[in-house]
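See below for data_36.cif, which holds mmCIF, C-alpha atoms.
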data_data
loop_
_atom_site.label_atom_id
_atom_site.label_comp_id
_atom_site.auth_asym_id
_atom_site.auth_seq_id
_atom_site.Cartn_x
_atom_site.Cartn_y
_atom_site.Cartn_z
CA MET B 146 75.27 56.37 138.46
CA LYS B 147 78.81 57.53 139.20
CA ASN B 148 79.96 56.16 135.83
CA LEU B 149 77.11 57.95 134.05
CA LEU B 150 78.07 61.22 135.70
CA THR B 151 81.72 60.77 134.75
CA LEU B 152 80.73 59.96 131.16
CA THR B 153 78.45 63.01 130.96
CA LEU B 154 81.19 65.23 132.36
CA LEU B 155 83.67 63.82 129.86
CA LEU B 156 81.24 64.42 126.99
CA ILE B 157 80.67 68.03 128.06
CA LEU B 158 84.40 68.65 128.41
CA THR B 159 85.30 67.11 125.07
CA SER B 160 82.55 69.06 123.30
CA PHE B 161 84.33 72.30 124.28
CA THR B 162 87.79 71.06 123.32
CA PRO B 163 88.69 72.18 119.82
CA VAL B 164 89.90 69.33 117.66
CA LYS B 165 92.29 70.66 115.07
CA ALA B 166 92.82 68.18 112.29
CA ASP B 167 95.92 68.71 110.17
CA THR B 168 94.81 69.28 106.63
CA GLN B 169 96.68 67.36 103.98
CA TYR B 170 97.22 69.81 101.16
CA ASP B 171 97.59 68.60 97.58
CA ALA B 172 99.76 71.40 96.22
CA ILE B 173 102.18 73.83 97.80
CA VAL B 174 102.65 76.90 95.66
CA ARG B 175 105.48 79.37 96.08
CA ALA B 176 104.74 82.92 95.01
CA ASP B 177 106.53 86.25 95.28
CA GLY B 178 104.93 89.39 96.68
CA ILE B 179 102.81 87.95 99.48
CA VAL B 180 103.62 90.59 102.08
CA CYS B 181 100.23 92.15 102.80
CA ASP B 182 97.54 90.03 104.41
CA PHE B 183 94.74 92.42 103.42
CA CYS B 184 95.75 92.13 99.74
CA ALA B 185 96.39 88.38 99.94
CA GLN B 186 92.75 87.80 100.90
CA ALA B 187 92.09 88.11 97.15
CA LEU B 188 93.86 84.76 96.67
CA ASN B 189 91.17 83.01 98.66
CA LYS B 190 88.51 84.49 96.40
CA VAL B 191 90.38 83.61 93.20
CA PHE B 192 91.16 80.00 94.20
CA LEU B 193 87.69 79.23 95.54
CA LYS B 194 86.21 80.27 92.19
CA ASN B 195 87.79 77.08 90.82
CA GLU B 196 85.22 74.36 91.41
CA ASN B 197 87.93 71.77 92.14
CA VAL B 198 89.52 73.74 94.99
CA GLU B 199 88.22 72.88 98.44
CA LYS B 200 90.27 75.40 100.41
CA ILE B 201 93.58 77.18 100.59
CA ASP B 202 95.89 78.35 103.32
CA VAL B 203 98.39 81.16 102.91
CA SER B 204 101.69 81.34 104.77
CA MET B 205 103.23 84.77 104.60
CA ASP B 206 106.24 83.46 106.54
CA GLU B 207 106.95 80.91 103.82
CA GLY B 208 105.53 82.85 100.87
CA THR B 209 103.36 79.88 99.99
CA VAL B 210 99.77 79.04 99.15
CA SER B 211 98.70 75.52 100.17
CA VAL B 212 95.87 74.15 98.06
CA LYS B 213 93.42 71.41 99.08
CA ILE B 214 91.76 69.88 96.04
CA LYS B 215 88.29 68.37 96.22
CA LYS B 216 88.00 64.58 96.17
CA GLY B 217 88.02 63.38 92.55
CA GLY B 218 88.96 66.83 91.26
CA THR B 219 92.12 67.96 89.53
CA VAL B 220 93.82 71.31 89.27
CA THR B 221 96.74 71.56 86.87
CA ASP B 222 99.96 73.47 87.53
CA GLU B 223 99.00 75.84 84.71
CA GLU B 224 95.66 76.59 86.40
CA ILE B 225 97.45 77.24 89.67
CA GLN B 226 99.93 79.58 88.00
CA LYS B 227 97.05 81.45 86.34
CA MET B 228 95.21 81.85 89.67
CA ILE B 229 98.34 83.16 91.41
CA GLU B 230 98.92 85.69 88.63
CA TRP B 231 95.22 86.61 88.52
CA GLY B 232 95.50 87.39 92.22
CA GLY B 233 98.37 89.79 91.47
CA TYR B 234 101.39 87.72 92.51
CA ASP B 235 104.36 86.18 90.72
CA PHE B 236 104.27 82.41 90.45
CA VAL B 237 107.54 80.71 91.44
CA SER B 238 106.90 76.96 91.71
CA VAL B 239 104.42 74.27 92.69
CA THR B 240 105.16 71.02 94.48
CA ARG B 241 102.79 68.09 95.03
CA PRO B 242 103.54 66.42 98.36
CA MET T 53 85.30 102.31 101.64
CA LEU T 54 84.75 105.33 103.92
CA MET T 55 87.43 108.02 104.21
CA ASN T 56 87.20 110.98 106.55
CA ASP T 57 89.88 113.59 107.15
CA ALA T 58 90.30 117.29 107.83
CA ASP T 59 89.30 118.29 104.28
CA SER T 60 86.60 115.89 103.18
CA ASN T 61 84.40 112.87 103.76
CA SER T 62 84.06 110.28 101.05
CA ALA T 63 82.46 106.93 100.30
CA HIS T 64 83.63 104.60 97.53
CA VAL T 65 82.10 101.41 96.22
CA HIS T 66 84.54 99.59 93.97
CA TYR T 67 84.53 96.35 92.03
CA SER T 68 87.84 94.67 91.14
CA PRO T 69 87.42 92.03 88.43
CA THR T 70 91.18 91.40 88.57
CA ALA T 71 94.15 92.79 90.48
CA LYS T 72 94.88 94.95 87.43
CA TYR T 73 91.99 97.39 87.70
CA SER T 74 88.88 98.40 89.59
CA ILE T 75 85.86 100.49 88.70
CA GLY T 76 83.50 102.19 91.06
CA VAL T 77 81.45 105.11 92.28
CA ARG T 78 82.82 107.74 94.65
CA HIS T 79 80.93 110.41 96.53
CA GLU T 80 82.83 113.17 98.34
CA TYR T 81 81.92 116.11 100.47
CA PHE T 82 84.50 118.87 100.68
CA ARG T 83 84.12 121.17 103.66
CA ASP T 84 85.73 124.34 102.37
CA PRO T 85 84.22 125.32 100.02
CA LYS T 86 81.17 123.12 100.61
CA VAL T 87 81.04 120.99 97.49
CA ASN T 88 79.56 117.55 96.84
CA VAL T 89 81.16 115.51 94.09
CA THR T 90 79.79 112.26 92.68
CA SER T 91 81.99 110.47 90.17
CA PHE T 92 82.77 107.25 88.38
CA GLN T 93 86.34 106.24 89.17
CA MET T 94 88.73 103.82 87.54
CA ASN T 95 91.94 102.60 89.17
CA ASN T 96 94.54 100.97 86.94
CA LEU T 97 97.50 99.00 88.19
CA ILE T 98 100.18 100.07 85.74
CA LYS T 99 103.01 98.03 87.23
CA ARG T 100 103.53 95.74 90.18
CA TRP T 101 106.91 94.56 91.41
CA ASN T 102 106.75 91.34 93.41
CA LYS T 103 109.77 90.09 95.34
CA LYS T 104 109.99 87.36 97.96
CA ASN T 105 109.69 89.77 100.88
CA GLU T 106 108.45 92.97 99.31
CA GLN T 107 105.96 94.43 96.89
CA ALA T 108 105.68 97.76 95.08
CA ASN T 109 102.81 99.15 93.02
CA PHE T 110 102.18 101.95 90.58
CA TYR T 111 98.56 102.97 89.99
CA VAL T 112 96.76 105.62 87.98
CA LYS T 113 93.41 106.68 89.45
CA SER T 114 91.01 108.82 87.44
CA GLY T 115 87.39 109.85 87.60
CA VAL T 116 84.69 111.94 85.95
CA GLY T 117 81.48 113.17 87.50
CA VAL T 118 79.42 116.06 88.74
CA ALA T 119 80.17 118.67 91.41
CA ARG T 120 77.29 120.36 93.23
CA ASP T 121 77.93 123.70 94.91
CA ASP T 122 75.03 125.79 96.25
CA GLY T 123 72.52 124.11 93.94
CA GLU T 124 74.75 124.62 90.90
CA TYR T 125 75.97 121.57 88.99
CA ASP T 126 79.34 121.55 87.25
CA PRO T 127 81.28 118.85 85.44
CA ALA T 128 84.21 117.51 87.45
CA ALA T 129 87.24 115.36 86.67
CA TYR T 130 90.38 114.24 88.40
CA THR T 131 93.41 112.07 87.89
CA GLY T 132 96.48 111.13 89.85
CA ILE T 133 99.11 108.51 90.50
CA ALA T 134 99.73 106.32 93.52
CA LEU T 135 102.96 104.54 94.38
CA ASP T 136 103.63 102.25 97.30
CA TRP T 137 106.36 99.95 98.56
CA GLU T 138 105.97 97.59 101.46
CA THR T 139 107.48 94.70 103.30
CA ARG T 140 105.83 92.98 106.23
CA ARG T 141 107.56 95.46 108.54
CA TYR T 142 107.81 98.74 106.60
CA PHE T 143 105.47 100.74 104.39
CA THR T 144 105.86 103.86 102.27
CA SER T 145 103.47 105.45 99.80
CA TYR T 146 102.91 108.58 97.78
CA GLU T 147 99.88 109.68 95.83
CA ASN T 148 98.67 112.81 94.16
CA ARG T 149 95.38 113.98 92.75
CA PHE T 150 94.65 116.82 90.39
CA PHE T 151 91.02 117.84 90.71
CA TRP T 152 89.07 120.14 88.46
CA ALA T 153 85.44 121.23 88.69
CA ASP T 154 84.31 124.02 86.40
CA GLU T 155 84.00 127.29 88.39
CA THR T 156 83.71 125.36 91.67
CA GLU T 157 87.00 124.06 92.84
CA GLN T 158 90.43 123.19 91.53
CA PHE T 159 93.20 121.74 93.59
CA ALA T 160 96.26 119.53 93.58
CA MET T 161 96.64 117.13 96.49
CA HIS T 162 99.82 115.31 97.51
CA LYS T 163 99.86 112.68 100.20
CA ALA T 164 102.77 110.60 101.52
CA ARG T 165 102.93 107.97 104.21
CA VAL T 166 105.51 106.01 106.12
CA GLY T 167 104.61 103.13 108.38
CA ILE T 168 106.05 100.45 110.60
CA ALA T 169 104.46 97.29 111.94
CA PRO T 170 105.30 96.80 115.64
CA TYR T 171 104.97 93.05 115.13
CA VAL T 172 104.83 90.88 112.02
CA GLY T 173 101.62 88.88 111.75
CA ASP T 174 100.79 86.00 109.44
CA TYR T 175 97.78 85.40 107.21
CA GLY T 176 94.52 85.84 109.12
CA ASP T 177 96.10 87.55 112.13
CA LEU T 178 95.19 90.98 113.40
CA HIS T 179 97.75 93.30 111.81
CA THR T 180 98.73 96.65 113.31
CA TRP T 181 100.61 99.49 111.65
CA LEU T 182 101.79 102.79 113.07
CA MET T 183 101.86 105.42 110.33
CA LEU T 184 102.58 109.04 109.70
CA GLU T 185 100.78 110.82 106.86
CA ALA T 186 101.77 114.15 105.33
CA HIS T 187 99.00 115.76 103.30
CA TYR T 188 99.47 118.86 101.16
CA ASP T 189 96.64 120.61 99.32
CA ALA T 190 97.45 123.30 96.80
CA GLY T 191 94.19 125.12 96.07
CA GLU T 192 92.75 128.51 96.87
CA GLU T 193 94.48 128.16 100.22
CA ASP T 194 97.51 125.93 100.62
CA THR T 195 97.16 123.56 103.53
CA PHE T 196 99.58 121.09 105.03
CA HIS T 197 98.68 118.50 107.65
CA VAL T 198 100.67 115.81 109.37
CA THR T 199 98.61 113.00 110.83
CA PRO T 200 99.88 110.18 113.02
CA LEU T 201 97.56 107.23 112.64
CA VAL T 202 97.12 103.60 113.50
CA ARG T 203 95.97 101.04 110.96
CA PHE T 204 94.40 97.72 111.91
CA PHE T 205 93.31 95.00 109.57
CA LYS T 206 92.12 91.45 109.87
CA GLY T 207 90.77 89.38 107.03
CA ASN T 208 88.78 91.61 104.72
CA THR T 209 88.32 94.50 107.14
CA LEU T 210 90.66 97.50 107.47
CA LEU T 211 90.34 100.41 109.86
CA GLU T 212 92.48 103.52 110.28
CA ALA T 213 92.20 106.20 112.91
CA GLY T 214 94.38 109.26 113.32
CA TYR T 215 94.52 112.66 114.88
CA ASN T 216 95.67 115.56 112.83
CA LEU T 217 98.13 117.99 114.40
CA ASP T 218 95.78 120.79 113.21
CA ASP T 219 92.89 119.37 115.25
CA GLY T 220 91.41 117.15 112.59
CA VAL T 221 90.35 113.57 113.12
CA MET T 222 90.98 110.96 110.43
CA PHE T 223 88.91 107.81 110.20
CA ASN T 224 89.04 105.36 107.30
CA PHE T 225 87.22 102.09 106.93
CA VAL T 226 87.54 99.54 104.12
CA GLN T 227 85.51 96.36 103.79
CA ARG T 228 86.18 93.85 101.03
CA PHE T 229 83.49 91.43 99.90
#

What would the structure in this file look like if it were written as structure tokens?
Amino acid sequence: MKNLLTLTLLLILTSFTPVKADTQYDAIVRADGIVCDFCAQALNKVFLKNENVEKIDVSMDEGTVSVKIKKGGTVTDEEIQKMIEWGGYDFVSVTRP
Amino acid sequence: MLMNDADSNSAHVHYSPTAKYSIGVRHEYFRDPKVNVTSFQMNNLIKRWNKKNEQANFYVKSGVGVARDDGEYDPAAYTGIALDWETRRYFTSYENRFFWADETEQFAMHKARVGIAPYVGDYGDLHTWLMLEAHYDAGEEDTFHVTPLVRFFKGNTLLEAGYNLDDGVMFNFVQRF
């Protein structure tokens, strides 16, 4: 009974503990002009229109857009450059970790 | 987009197919004289300068529509430029607007802002800006207002609230979809 109570308590506690998994991004894009968060929200919209993009994360500190590509999908460097420019920014480089 | 200041209240619905331009409908109510203006507006990004830690923009904003004053309808048109420069810490902007409505109202508006962010947030954070806006209207009566305001934005939502030194309240709200 005591074990069951401990297990239940543990289950309740762990259900409230956020588990933050580190996302492995497939492309890190450097772009110039990412200084306004409100404007940079457009990048999310532009990238997610590409059916092979699962999600992105923007770092204004680094001036980068990290791109997670869907399993089995591909996104070329040229497509990435086009999406950055479509969003209103200047493409600098892309690296594939 | 909802904009409210000492001179007018306005609502805009805009669609931006790309960062280069947007098209939309704008409805404005001017308090003195009491005029309602409904227009189609187009904003064109003429030039954008992107640097690693700064961005500057040059827009032309123009519209055509109808002005209603005391049951009378008149054609209306306006155009103006908007310039801004910003880093993650500092912001400056200037815009003007030359408005014409046949026999109803004609004015030239100039607006300039300076702003500073008390802290630098990253993508997705709540951002806060402290700004000062100078607003000059050259019409039948010249008016000049200075409005300290605070701007907040997070994600796709932006809110500005200010208090005009001539007893006017400013409240702006922008939601992106």

Problem - Nearby residues (all atoms listed in the file) at most 8 Å from stretch 202-211 of chain B, same-chain spacing under 4 positions excluded, as a count of residues only - result: 15

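Within 8 Å of the point (107.1, 99.6, 112.5), counting only C-alpha atoms, the protein and nucleic acid residues come to Arg141, Tyr142, Gly167, Ile168, Ala169, Pro170, Tyr171, Trp181 and Leu182 of chain T.
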
Completion exercise
note - atom CA of T:Val226 and atom CA of T:His64 are separated by 9.2 Å

Exercise for the section: Measure the distance from atom CA of T:Ser68 to atom CA of B:Met228 in Å and round it to one decimal. Expected result: 14.9 Å

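When the PyMOL selection byres ((chain T and resi 154) around 12) is run on the displayed coordinates, the residues it returns are Val87, Val89, Gly117, Val118, Ala119, Arg120, Asp121, Glu124, Tyr125, Asp126, Pro127, Ala128, Ala129, Tyr130, Phe151, Trp152, Ala153, Glu155, Thr156, Glu157, Gln158 and Phe159 of chain T.
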